[in-house]
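Asks: So here's run_5.txt, just compact mmCIF, C-alpha atoms and all ligand atoms:
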```txt
# COMPACT_ATOMS: atom_id res chain seq x y z
CA MET A 381 -22.21 -38.14 72.98
CA LYS A 382 -23.65 -40.26 70.19
CA LEU A 383 -27.26 -39.81 69.10
CA ALA A 384 -29.75 -41.43 69.33
CA VAL A 385 -29.64 -42.00 73.09
CA TYR A 386 -30.80 -45.49 74.07
CA MET A 387 -32.93 -45.47 77.22
CA ASP A 388 -35.19 -48.45 76.59
CA ASN A 389 -33.32 -51.14 78.51
CA HIS A 390 -36.48 -52.92 79.65
CA ALA A 391 -37.20 -53.79 76.02
CA THR A 392 -33.72 -55.09 75.32
CA THR A 393 -30.11 -54.31 76.12
CA GLN A 394 -26.96 -53.91 74.08
CA VAL A 395 -24.77 -57.01 74.12
CA ASP A 396 -21.83 -56.41 76.43
CA PRO A 397 -18.60 -56.67 74.37
CA ARG A 398 -17.26 -59.17 76.93
CA VAL A 399 -20.31 -61.35 76.30
CA LEU A 400 -19.79 -61.20 72.55
CA ASP A 401 -16.10 -62.11 72.95
CA ALA A 402 -17.05 -65.16 75.00
CA MET A 403 -19.54 -66.26 72.33
CA LEU A 404 -17.45 -65.85 69.18
CA PRO A 405 -15.33 -69.03 69.45
CA TYR A 406 -18.56 -71.06 69.56
CA PHE A 407 -19.60 -69.72 66.18
CA ARG A 408 -16.17 -70.44 64.71
CA GLU A 409 -13.93 -73.33 65.65
CA GLU A 410 -15.94 -74.69 68.62
CA PHE A 411 -19.07 -75.33 66.62
CA GLY A 412 -19.89 -78.78 68.01
CA ASN A 413 -23.27 -80.13 69.05
CA ALA A 414 -23.39 -80.37 72.84
CA ALA A 415 -25.24 -83.68 72.47
CA SER A 416 -22.44 -85.30 70.42
CA ARG A 417 -20.98 -87.71 72.94
CA ASN A 418 -18.27 -89.36 70.85
CA HIS A 419 -15.84 -86.64 69.79
CA VAL A 420 -14.00 -83.61 71.03
CA PHE A 421 -16.22 -81.11 69.22
CA GLY A 422 -19.22 -82.31 71.20
CA TRP A 423 -17.29 -82.48 74.46
CA LYS A 424 -16.09 -78.87 74.14
CA ALA A 425 -19.58 -77.64 73.40
CA GLU A 426 -20.97 -79.59 76.33
CA GLU A 427 -18.27 -78.23 78.62
CA ALA A 428 -19.18 -74.68 77.60
CA VAL A 429 -22.87 -75.34 78.22
CA GLU A 430 -22.16 -76.77 81.66
CA LYS A 431 -20.00 -73.79 82.56
CA SER A 432 -22.88 -71.50 81.62
CA ARG A 433 -25.32 -73.60 83.65
CA LYS A 434 -23.13 -72.99 86.70
CA GLN A 435 -22.95 -69.24 86.04
CA VAL A 436 -26.72 -68.93 85.65
CA ALA A 437 -27.39 -71.06 88.74
CA ALA A 438 -24.90 -69.10 90.85
CA LEU A 439 -26.61 -65.79 90.10
CA ILE A 440 -29.93 -66.99 91.55
CA GLY A 441 -28.74 -69.32 94.29
CA ALA A 442 -29.71 -72.51 92.44
CA GLN A 443 -27.93 -75.77 91.58
CA PRO A 444 -26.69 -76.14 87.97
CA LYS A 445 -28.91 -79.19 87.40
CA GLU A 446 -31.95 -77.02 88.09
CA ILE A 447 -31.31 -74.80 85.04
CA ILE A 448 -33.11 -75.63 81.77
CA PHE A 449 -32.01 -73.64 78.72
CA THR A 450 -34.73 -72.25 76.47
CA SER A 451 -35.14 -69.84 73.56
CA GLY A 452 -35.99 -66.95 75.90
CA ALA A 453 -38.30 -65.98 78.69
CA THR A 454 -41.46 -66.26 76.62
CA GLU A 455 -40.67 -69.94 76.23
CA SER A 456 -39.64 -70.24 79.89
CA ASP A 457 -42.96 -68.74 80.99
CA ASN A 458 -44.88 -71.07 78.66
CA LEU A 459 -42.97 -74.13 79.84
CA ALA A 460 -43.38 -73.26 83.52
CA ILE A 461 -47.08 -72.41 83.44
CA LYS A 462 -48.39 -74.92 80.89
CA GLY A 463 -45.93 -77.57 82.06
CA VAL A 464 -47.11 -77.31 85.68
CA ALA A 465 -50.77 -77.02 84.69
CA GLU A 466 -50.58 -80.20 82.65
CA MET A 467 -48.47 -82.15 85.15
CA TYR A 468 -50.55 -81.30 88.23
CA SER A 469 -54.05 -81.15 86.71
CA GLU A 470 -55.17 -84.17 88.73
CA ARG A 471 -54.36 -82.31 91.92
CA GLY A 472 -56.31 -79.19 90.96
CA LYS A 473 -57.00 -76.76 88.16
CA HIS A 474 -56.67 -73.36 89.78
CA ILE A 475 -53.93 -70.83 88.99
CA ILE A 476 -53.32 -67.42 90.54
CA THR A 477 -51.70 -64.58 88.61
CA CYS A 478 -51.95 -60.80 88.37
CA LEU A 479 -53.29 -58.25 85.90
CA THR A 480 -49.90 -56.56 85.45
CA GLU A 481 -47.93 -59.61 84.32
CA HIS A 482 -46.06 -59.75 81.03
CA LYS A 483 -48.11 -60.89 78.02
CA ALA A 484 -46.26 -64.18 77.96
CA VAL A 485 -47.74 -65.04 81.36
CA LEU A 486 -51.17 -63.47 80.77
CA ASP A 487 -51.69 -65.28 77.50
CA CYS A 488 -50.62 -68.66 78.90
CA CYS A 489 -53.17 -68.22 81.69
CA LYS A 490 -55.87 -67.12 79.25
CA LYS A 491 -55.28 -70.21 77.15
CA LEU A 492 -55.49 -72.45 80.21
CA GLU A 493 -58.71 -70.70 81.21
CA LYS A 494 -60.16 -71.70 77.82
CA GLN A 495 -59.05 -75.26 78.49
CA GLY A 496 -61.06 -75.49 81.69
CA TYR A 497 -58.64 -74.19 84.33
CA ARG A 498 -59.81 -71.52 86.74
CA VAL A 499 -57.60 -68.42 86.90
CA THR A 500 -57.64 -65.74 89.59
CA TRP A 501 -56.46 -62.40 88.21
CA LEU A 502 -55.26 -60.45 91.22
CA PRO A 503 -55.51 -56.65 91.03
CA VAL A 504 -52.70 -54.38 92.23
CA GLU A 505 -52.56 -51.46 94.63
CA PRO A 506 -51.83 -47.97 93.23
CA SER A 507 -48.23 -48.72 94.24
CA GLY A 508 -48.19 -51.48 91.60
CA ARG A 509 -47.82 -54.27 94.18
CA ILE A 510 -50.26 -57.03 95.01
CA ASP A 511 -52.04 -57.17 98.35
CA LEU A 512 -50.81 -60.27 100.21
CA GLU A 513 -54.10 -60.74 102.00
CA ARG A 514 -55.89 -61.01 98.69
CA LEU A 515 -53.34 -63.59 97.62
CA GLN A 516 -53.91 -65.59 100.82
CA ALA A 517 -57.65 -65.41 100.32
CA ALA A 518 -57.45 -66.57 96.70
CA ILE A 519 -55.68 -69.85 97.50
CA THR A 520 -57.95 -72.90 97.65
CA GLY A 521 -57.43 -76.66 97.87
CA GLU A 522 -57.53 -76.66 94.06
CA THR A 523 -54.69 -74.15 93.59
CA ILE A 524 -51.63 -75.66 91.92
CA LEU A 525 -49.67 -72.59 90.84
CA ILE A 526 -49.05 -68.95 91.72
CA THR A 527 -47.32 -67.08 88.91
CA LEU A 528 -46.24 -63.55 89.79
CA MET A 529 -43.41 -61.50 88.37
CA TYR A 530 -40.44 -60.22 90.33
CA ALA A 531 -40.23 -56.77 88.75
CA ASN A 532 -42.65 -55.18 86.33
CA ASN A 533 -41.27 -54.45 82.87
CA GLU A 534 -43.10 -51.15 82.61
CA THR A 535 -42.89 -49.58 86.06
CA GLY A 536 -39.97 -51.53 87.53
CA VAL A 537 -42.10 -52.12 90.64
CA LEU A 538 -41.02 -55.13 92.71
CA HIS A 539 -43.62 -57.48 94.15
CA PRO A 540 -43.12 -58.69 97.75
CA VAL A 541 -41.53 -61.87 96.41
CA SER A 542 -40.20 -63.33 99.67
CA GLU A 543 -43.64 -63.05 101.25
CA ILE A 544 -45.32 -64.54 98.19
CA GLY A 545 -42.89 -67.46 98.27
CA ARG A 546 -43.46 -68.00 101.95
CA ILE A 547 -47.24 -68.05 101.51
CA ALA A 548 -47.00 -70.40 98.53
CA HIS A 549 -44.84 -72.87 100.44
CA GLU A 550 -46.96 -72.73 103.58
CA ARG A 551 -50.00 -73.58 101.47
CA GLY A 552 -48.24 -76.22 99.37
CA VAL A 553 -48.67 -74.33 96.10
CA LEU A 554 -45.92 -74.01 93.47
CA PHE A 555 -44.57 -70.50 92.83
CA HIS A 556 -43.39 -69.47 89.38
CA CYS A 557 -41.70 -66.09 89.10
CA ASP A 558 -41.02 -64.24 85.85
CA ALA A 559 -37.81 -62.57 87.01
CA VAL A 560 -36.63 -61.32 83.62
CA GLN A 561 -36.32 -57.69 84.71
CA ALA A 562 -34.99 -58.43 88.19
CA VAL A 563 -32.25 -61.00 87.67
CA GLY A 564 -28.92 -59.24 87.41
CA ARG A 565 -30.37 -55.96 88.69
CA VAL A 566 -31.38 -56.84 92.24
CA PRO A 567 -30.30 -59.82 94.36
CA VAL A 568 -32.49 -62.87 93.63
CA ASN A 569 -32.26 -66.10 95.60
CA VAL A 570 -34.60 -68.97 94.81
CA ILE A 571 -33.95 -70.74 98.12
CA ASP A 572 -34.36 -67.75 100.47
CA GLU A 573 -37.40 -66.57 98.51
CA ASN A 574 -39.06 -69.98 98.13
CA ILE A 575 -39.27 -69.75 94.35
CA ASP A 576 -39.99 -73.06 92.55
CA LEU A 577 -39.72 -71.95 88.94
CA LEU A 578 -38.04 -68.80 87.62
CA SER A 579 -37.79 -67.34 84.11
CA ILE A 580 -34.69 -65.57 82.80
CA SER A 581 -33.88 -63.94 79.46
CA ALA A 582 -30.36 -63.19 78.20
CA HIS A 583 -31.16 -60.12 76.11
CA LYS A 584 -32.43 -58.15 79.10
CA ILE A 585 -29.07 -58.50 80.87
CA TYR A 586 -26.61 -57.58 78.09
CA GLY A 587 -26.66 -61.02 76.49
CA PRO A 588 -27.92 -62.16 73.07
CA LYS A 589 -31.54 -62.43 71.97
CA GLY A 590 -33.21 -65.80 71.55
CA VAL A 591 -31.84 -67.55 74.63
CA GLY A 592 -33.07 -67.84 78.18
CA ALA A 593 -33.46 -70.24 81.04
CA LEU A 594 -36.00 -71.72 83.38
CA TYR A 595 -35.03 -72.64 86.92
CA VAL A 596 -36.91 -75.77 88.01
CA ARG A 597 -36.51 -76.70 91.68
CA ARG A 598 -35.31 -80.27 92.32
CA ARG A 599 -35.67 -80.49 96.12
CA ASN A 600 -38.28 -79.43 98.68
CA PRO A 601 -40.30 -79.88 96.57
CA ARG A 602 -39.09 -81.61 93.43
CA VAL A 603 -41.01 -79.84 90.67
CA GLN A 604 -42.13 -81.84 87.67
CA LEU A 605 -43.16 -80.44 84.31
CA THR A 606 -44.86 -81.78 81.23
CA ALA A 607 -42.54 -80.95 78.34
CA GLN A 608 -44.01 -78.58 75.78
CA MET A 609 -41.44 -79.52 73.13
CA ASP A 610 -40.97 -83.19 72.30
CA GLY A 611 -37.91 -84.64 70.63
CA GLY A 612 -34.44 -85.79 71.56
CA GLY A 613 -34.93 -85.48 75.31
CA HIS A 614 -32.42 -82.67 75.89
CA GLU A 615 -32.44 -80.74 79.15
CA ARG A 616 -33.59 -83.68 81.28
CA GLY A 617 -36.46 -84.26 78.88
CA MET A 618 -38.04 -80.92 79.73
CA ARG A 619 -37.00 -79.11 76.58
CA SER A 620 -35.92 -81.03 73.51
CA GLY A 621 -33.93 -79.37 70.77
CA THR A 622 -30.24 -78.94 69.93
CA LEU A 623 -28.79 -76.44 72.36
CA ASN A 624 -27.93 -72.93 71.17
CA VAL A 625 -24.35 -73.21 72.36
CA PRO A 626 -23.10 -69.69 71.50
CA GLY A 627 -26.27 -68.17 72.94
CA ILE A 628 -26.00 -70.22 76.10
CA VAL A 629 -22.36 -69.21 76.50
CA GLY A 630 -23.48 -65.59 76.14
CA LEU A 631 -26.19 -66.02 78.77
CA GLY A 632 -23.71 -67.55 81.19
CA GLU A 633 -21.15 -64.80 80.66
CA ALA A 634 -23.88 -62.16 81.04
CA CYS A 635 -24.90 -63.72 84.36
CA GLY A 636 -21.28 -63.91 85.52
CA ILE A 637 -20.75 -60.22 84.82
CA CYS A 638 -23.98 -59.29 86.63
CA GLN A 639 -22.96 -61.31 89.63
CA ARG A 640 -19.58 -59.60 89.86
CA GLU A 641 -20.73 -56.07 89.08
CA MET A 642 -24.34 -55.80 90.24
CA ALA A 643 -23.67 -54.15 93.59
CA GLU A 644 -21.64 -51.35 92.05
CA GLU A 645 -23.82 -51.04 88.97
CA THR A 646 -26.94 -50.66 91.09
CA ILE A 647 -25.50 -47.66 92.90
CA ARG A 648 -24.48 -46.02 89.66
CA LEU A 649 -27.83 -46.65 87.94
CA LYS A 650 -29.85 -45.51 90.91
CA GLY A 651 -27.83 -42.30 91.00
CA LEU A 652 -28.46 -41.64 87.32
CA ARG A 653 -32.15 -42.56 87.57
CA ASP A 654 -32.65 -40.26 90.55
CA ARG A 655 -30.84 -37.50 88.70
CA LEU A 656 -33.18 -37.89 85.74
CA LYS A 657 -36.21 -37.81 88.04
CA ALA A 658 -34.96 -34.76 89.94
CA ARG A 659 -34.24 -32.85 86.73
CA LEU A 660 -37.66 -33.58 85.25
CA GLU A 661 -39.44 -32.68 88.47
CA ALA A 662 -37.47 -29.46 88.79
CA SER A 663 -38.20 -28.26 85.29
CA LEU A 664 -41.82 -29.39 84.80
CA ASP A 665 -45.01 -29.24 86.85
CA GLU A 666 -47.71 -31.95 86.80
CA VAL A 667 -45.38 -34.89 86.34
CA TYR A 668 -46.20 -38.08 88.22
CA VAL A 669 -44.17 -41.17 88.96
CA ASN A 670 -46.15 -44.33 88.28
CA GLY A 671 -46.00 -46.73 91.21
CA THR A 672 -43.92 -46.81 94.35
CA MET A 673 -40.33 -45.52 94.30
CA GLU A 674 -39.53 -47.56 97.39
CA HIS A 675 -39.80 -51.00 95.80
CA ARG A 676 -38.46 -50.46 92.31
CA LEU A 677 -35.65 -51.52 90.04
CA PRO A 678 -32.68 -49.14 90.24
CA ASN A 679 -32.76 -48.44 86.51
CA ASN A 680 -36.44 -47.65 86.00
CA LEU A 681 -38.37 -44.43 85.89
CA SER A 682 -41.98 -44.54 84.70
CA MET A 683 -43.48 -41.08 84.58
CA SER A 684 -46.66 -39.50 83.34
CA PHE A 685 -46.63 -36.00 81.91
CA ALA A 686 -50.13 -34.64 82.34
CA TYR A 687 -51.74 -32.92 79.34
CA VAL A 688 -49.27 -34.52 76.96
CA GLU A 689 -49.95 -37.50 74.74
CA GLY A 690 -47.21 -40.11 75.18
CA GLU A 691 -46.99 -40.90 71.48
CA SER A 692 -46.63 -37.21 70.56
CA LEU A 693 -43.92 -36.85 73.17
CA LEU A 694 -42.11 -39.87 71.71
CA MET A 695 -42.26 -38.36 68.25
CA GLY A 696 -40.99 -35.05 69.61
CA ILE A 697 -37.94 -36.65 71.20
CA ASN A 698 -37.05 -38.75 68.21
CA ASP A 699 -33.37 -38.86 69.06
CA VAL A 700 -34.13 -40.53 72.38
CA ALA A 701 -35.21 -44.17 72.51
CA VAL A 702 -37.80 -44.70 75.26
CA SER A 703 -41.22 -46.35 75.40
CA SER A 704 -44.62 -44.87 76.05
CA GLY A 705 -47.37 -46.45 78.10
CA SER A 706 -49.27 -47.28 74.97
CA ALA A 707 -46.35 -48.55 72.91
CA CYS A 708 -46.06 -51.96 74.56
CA THR A 709 -49.13 -53.45 72.96
CA SER A 710 -47.64 -52.38 69.62
CA ALA A 711 -50.19 -51.67 66.92
CA THR A 712 -53.01 -50.68 69.28
CA LEU A 713 -53.48 -47.29 70.85
CA GLU A 714 -54.83 -48.82 74.05
CA PRO A 715 -53.34 -47.17 77.08
CA SER A 716 -51.06 -49.36 79.16
CA TYR A 717 -52.94 -52.18 80.90
CA VAL A 718 -50.30 -52.09 83.63
CA LEU A 719 -50.93 -48.45 84.51
CA LYS A 720 -54.69 -48.91 84.22
CA ALA A 721 -54.55 -51.82 86.65
CA MET A 722 -52.77 -49.45 89.05
CA GLY A 723 -55.73 -47.11 88.85
CA ALA A 724 -54.32 -44.52 86.46
CA GLY A 725 -56.97 -42.83 84.35
CA ASP A 726 -56.76 -43.20 80.57
CA ASP A 727 -55.27 -39.72 80.28
CA LEU A 728 -52.35 -40.33 82.61
CA ALA A 729 -51.79 -43.82 81.23
CA HIS A 730 -51.63 -42.30 77.75
CA SER A 731 -49.13 -39.68 78.84
CA SER A 732 -46.64 -42.04 80.43
CA ILE A 733 -43.05 -42.62 79.42
CA ARG A 734 -40.86 -45.50 80.53
CA PHE A 735 -37.20 -44.63 80.93
CA GLY A 736 -35.01 -47.72 81.23
CA LEU A 737 -31.41 -46.92 82.07
CA GLY A 738 -28.64 -49.41 81.53
CA ARG A 739 -25.00 -50.38 81.85
CA PHE A 740 -23.98 -48.06 79.02
CA THR A 741 -26.06 -45.03 80.04
CA THR A 742 -23.95 -41.96 80.87
CA GLU A 743 -24.62 -38.89 82.96
CA GLU A 744 -24.34 -36.77 79.83
CA GLU A 745 -27.10 -38.82 78.24
CA VAL A 746 -29.33 -38.44 81.30
CA ASP A 747 -28.95 -34.68 81.18
CA TYR A 748 -29.60 -34.62 77.46
CA VAL A 749 -32.76 -36.70 77.85
CA ALA A 750 -34.04 -34.55 80.72
CA GLY A 751 -33.49 -31.46 78.58
CA ARG A 752 -35.16 -32.86 75.49
CA VAL A 753 -38.18 -34.15 77.39
CA THR A 754 -38.61 -30.81 79.17
CA GLU A 755 -38.41 -28.91 75.92
CA VAL A 756 -40.93 -31.11 74.11
CA VAL A 757 -43.37 -31.35 77.03
CA ARG A 758 -43.38 -27.56 77.32
CA LYS A 759 -43.97 -27.19 73.60
CA LEU A 760 -46.83 -29.71 73.57
CA ARG A 761 -48.45 -28.12 76.60
CA GLU A 762 -48.35 -24.73 74.92
CA LEU A 763 -50.63 -26.26 72.32
CA SER A 764 -52.90 -27.89 74.88
CA PRO A 765 -56.11 -26.03 75.75
CA LEU A 766 -56.57 -28.44 78.68
CA TYR A 767 -53.26 -27.45 80.22
CA GLU A 768 -54.19 -23.82 79.77
CA MET A 769 -57.54 -24.34 81.49
CA ALA A 770 -55.98 -26.29 84.35
CA ARG A 771 -53.50 -23.49 84.92
CA GLU A 772 -56.34 -21.00 85.06
CA GLY A 773 -57.83 -23.07 87.87
CA VAL A 774 -60.61 -24.87 86.01
CA ASN A 775 -61.34 -28.18 87.65
CA LEU A 776 -61.36 -30.41 84.60
CA LYS A 777 -62.82 -33.39 86.43
CA ASN A 778 -66.10 -31.54 87.14
CA TYR A 779 -66.09 -29.35 84.05
CA GLN A 780 -69.35 -29.30 82.08
CA TRP A 781 -68.36 -29.89 78.51
CA THR A 782 -70.78 -28.45 75.97
CA ALA A 783 -71.92 -31.31 73.80
CA GLU A 784 -72.45 -30.89 70.09
CA GLY A 785 -75.90 -29.64 69.18
CA GLN A 786 -76.65 -28.14 72.55
C1 LIG B 1 -38.88 -59.33 77.92
C2 LIG B 1 -39.72 -60.03 78.90
C3 LIG B 1 -40.23 -61.32 78.66
C4 LIG B 1 -39.99 -62.03 77.36
O1 LIG B 1 -38.67 -62.43 77.21
P1 LIG B 1 -38.10 -62.90 75.79
O2 LIG B 1 -36.80 -63.51 76.11
O3 LIG B 1 -37.98 -61.66 74.96
O4 LIG B 1 -39.07 -63.88 75.22
C5 LIG B 1 -40.98 -61.91 79.63
N1 LIG B 1 -41.25 -61.29 80.79
C6 LIG B 1 -40.78 -60.07 81.07
C7 LIG B 1 -41.09 -59.45 82.39
C8 LIG B 1 -40.01 -59.39 80.13
O5 LIG B 1 -39.58 -58.17 80.41
```
Translate the structure of the given file into structure tokens.
Replies:
Amino acid sequence: MKLAVYMDNHATTQVDPRVLDAMLPYFREEFGNAASRNHVFGWKAEEAVEKSRKQVAALIGAQPKEIIFTSGATESDNLAIKGVAEMYSERGKHIITCLTEHKAVLDCCKKLEKQGYRVTWLPVEPSGRIDLERLQAAITGETILITLMYANNETGVLHPVSEIGRIAHERGVLFHCDAVQAVGRVPVNVIDENIDLLSISAHKIYGPKGVGALYVRRRNPRVQLTAQMDGGGHERGMRSGTLNVPGIVGLGEACGICQREMAEETIRLKGLRDRLKARLEASLDEVYVNGTMEHRLPNNLSMSFAYVEGESLLMGINDVAVSSGSACTSATLEPSYVLKAMGAGDDLAHSSIRFGLGRFTTEEEVDYVAGRVTEVVRKLRELSPLYEMAREGVNLKNYQWTAEGQ
């Protein structure tokens, strides 16, 4: 086994060697511009792009023409949300989203709020999922867009997407879904699930960084967008800019592999994830899974280790790459806004670790990680007076702390 162990596959994934092989010719001899219409270099590039468009579309049950290539899911989210907001502003200026969305979605909505749109920020249940009745109640005649993610990047919790799509369509509201973590890991179908716009990123599914896609529905209804990037009119005018041909080829190949291997891969990942969970729960007390296990990505385990500070745990297991609940918002030491929205107290949010398993994770690695985490949590708890007190039966919630000067 090679150290360090990578178990942070919600942040990014290793490029699959088959994806890299598919890309390489488009850096070398097939370097044409897909928009060059009058020579073979352009034609070959265009052919490769169209093949990828089919592969991406097939994975989500869409038509190739409905796929717009972008620089990644951050751009896809921006294009979907701002593009719809601008295009449909005459119809209404109300958008519904959720507190646990990715920053790319949250910050688009915040910006629109500053520009005079009204945004409803739905809370989540302790399970991590939204309450559909609250969603129903939030929709008004002014609502133009519901933007809710498929699977959360921290907890792996899946929203009830089919029901959300059904509600959106019944009420004549567009539904954008950030499906970055879900596509390629669980079956996604934009028709069955009534999704109108859907964001994808290559580097979360063993493809290259800096390339993604936005699905934009063309029928029932035909969704229109105001372009956020003006220029040569590429991608049906929705996203100008010379196409990243090697990247797009990589995205297509990554989607093709997911489509062929997802069913089997899911079983394997779920087995490894459950093994990790079982080992941690067997060797440590006071560990808590964040969010529902029932509706969750097969490769995610988000766990809080009471009486342990997530960042200290991360430093202790420095040969294991995982994320803590406070690491996502980088420089700050704010506890995870996702876990807080689920009702976790600051202490448990601070003590959370996100394990993201992936295609290249082995059983040996899982066992190693379980062992290292156990060892470090035990060590940190030995140093924790709070853990000591809790074990002696002191109820810390009602404990009268003696303030300074008393
Ligand atoms: C990673 C991620 C994004 C951003 O994707 P990029 O391609 O890195 O811009 C958006 N949403 C979710 C849920 C993600 O996990």
Asks: Return the single residue from A:His730, A:Lys490, A:Lys589, A:Arg619 that is closest to ligand LIG 1 (chain B), with distances computed using all atoms listed in the file.
Replies: A:Lys589
Asks: Please give me, as a list in words, the residues lying within 7 Å of ligand LIG 1 (chain B) when counting only C-alpha atoms and all ligand atoms.
Replies: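 If we count only C-alpha atoms and all ligand atoms, the neighbours of ligand LIG 1 (chain B) turn out to be His390, Ala391, Gly452, Ala453, Thr454, Glu455, His482, Ala484, Met529, Ala531, Asn532, Asn533, Asp558, Ala559, Val560, Gln561, Ser581, Ala582, His583, Lys584, Lys589, Gly590, Val591 and Gly592 of chain A.
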Asks: Calculate how many Å separate CA of Val553 (chain A) from CA of Arg509 (chain A), rounding to one decimal.
Replies: 20.2 Å
Asks: Please provide as a PyMOL selection string all residues within 10 Å of region 623-632 of chain A, with the sequence filter that same-chain residues fewer than 4 positions apart are discarded (counting only C-alpha atoms).
Replies: chain A and resi 395-396+398-408+410-415+425-426+428-439+449-451+580-583+585-593+614-615+619+636-638
Asks: A:Leu693, A:Arg771, A:Asp726, A:Ala518: which is nearest Lys759 (chain A), counting all atoms listed in the file?
Replies: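 When distances to Lys759 (chain A) are compared using all atoms listed in the file, the smallest one comes from A:Leu693.
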Asks: Can you work out which one of A:Val753, A:Val746, A:Val700, A:Cys557 has the shortest atom-to-atom distance to Leu656 (chain A), counting all atoms listed in the file?
Replies: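 Smallest distance to Leu656 (chain A) is found for A:Val746.
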Asks: Check the smallest atom-to-atom distance from each of A:Glu745, A:Asp727, A:Glu446, A:Glu470 to Thr523 (chain A) using only C-alpha atoms, then report the winner.
Replies: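 Going through A:Glu745, A:Asp727, A:Glu446, A:Glu470 one by one, the smallest distance to Thr523 (chain A) is for A:Glu470.
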Asks: Hey, can you check how far CA of Lys494 (chain A) sits from CA of Glu466 (chain A)?
Replies: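 Going from CA of Lys494 (chain A) over to CA of Glu466 (chain A), I get 13.7 Å.
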Asks: Given only C-alpha atoms as the basis, pick out the residue of A:Ser703, A:Thr527, A:Asn569, A:Thr741 nearest to Gln394 (chain A).
Replies: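 So, comparing all the options, the nearest one is A:Thr741.
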Asks: Using CA of Asn574 (chain A) and CA of Glu645 (chain A) as the two end points, give the distance in Å to one decimal.
Replies: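 Taking CA of Asn574 (chain A) as the start and CA of Glu645 (chain A) as the end point, the length is 26.0 Å.
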Asks: Nearest residue to Val385 (chain A) out of A:Leu737, A:Leu538, A:Val499, A:Ala701, using all atoms listed in the file?
Replies: A:Ala701
Asks: At a cut-off of 7 Å, using all atoms listed in the file, what residues contact Val667 (chain A)? Leave out same-chain residues fewer than 6 positions from it and give the result as an NGL selection string.
Replies: :A and (661 or 683-686)
Asks: Give the padded box for region 730-744 of chain A as AutoDock Vina command-line options: axis-aligned, covering all atoms listed in the file, 3 Å on each side, centre and edge lengths in Å to one decimal.
Replies:
```
--center_x -37.8 --center_y -43.6 --center_z 80.4 --size_x 33.7 --size_y 19.6 --size_z 11.2
```
Asks: Which residues, written as an mmCIF file with C-alpha atoms, keeping the file's coordinate frame, have at least one atom at most 12 Å from Glu744 (chain A), with all atoms listed in the file counted and residues fewer than 3 positions away on the same chain left out?
Replies:
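Output contents, as saved in result.cif:
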```cif
data_model
loop_
_atom_site.group_PDB
_atom_site.id
_atom_site.type_symbol
_atom_site.label_atom_id
_atom_site.label_comp_id
_atom_site.auth_asym_id
_atom_site.auth_seq_id
_atom_site.Cartn_x
_atom_site.Cartn_y
_atom_site.Cartn_z
ATOM 1 C CA MET A 381 -22.210 -38.140 72.980
ATOM 2 C CA LYS A 382 -23.650 -40.260 70.190
ATOM 3 C CA LEU A 383 -27.260 -39.810 69.100
ATOM 4 C CA VAL A 385 -29.640 -42.000 73.090
ATOM 5 C CA LEU A 652 -28.460 -41.640 87.320
ATOM 6 C CA ARG A 655 -30.840 -37.500 88.700
ATOM 7 C CA LEU A 656 -33.180 -37.890 85.740
ATOM 8 C CA PHE A 740 -23.980 -48.060 79.020
ATOM 9 C CA THR A 741 -26.060 -45.030 80.040
ATOM 10 C CA ASP A 747 -28.950 -34.680 81.180
ATOM 11 C CA TYR A 748 -29.600 -34.620 77.460
ATOM 12 C CA VAL A 749 -32.760 -36.700 77.850
ATOM 13 C CA ALA A 750 -34.040 -34.550 80.720
ATOM 14 C CA GLY A 751 -33.490 -31.460 78.580
#
```
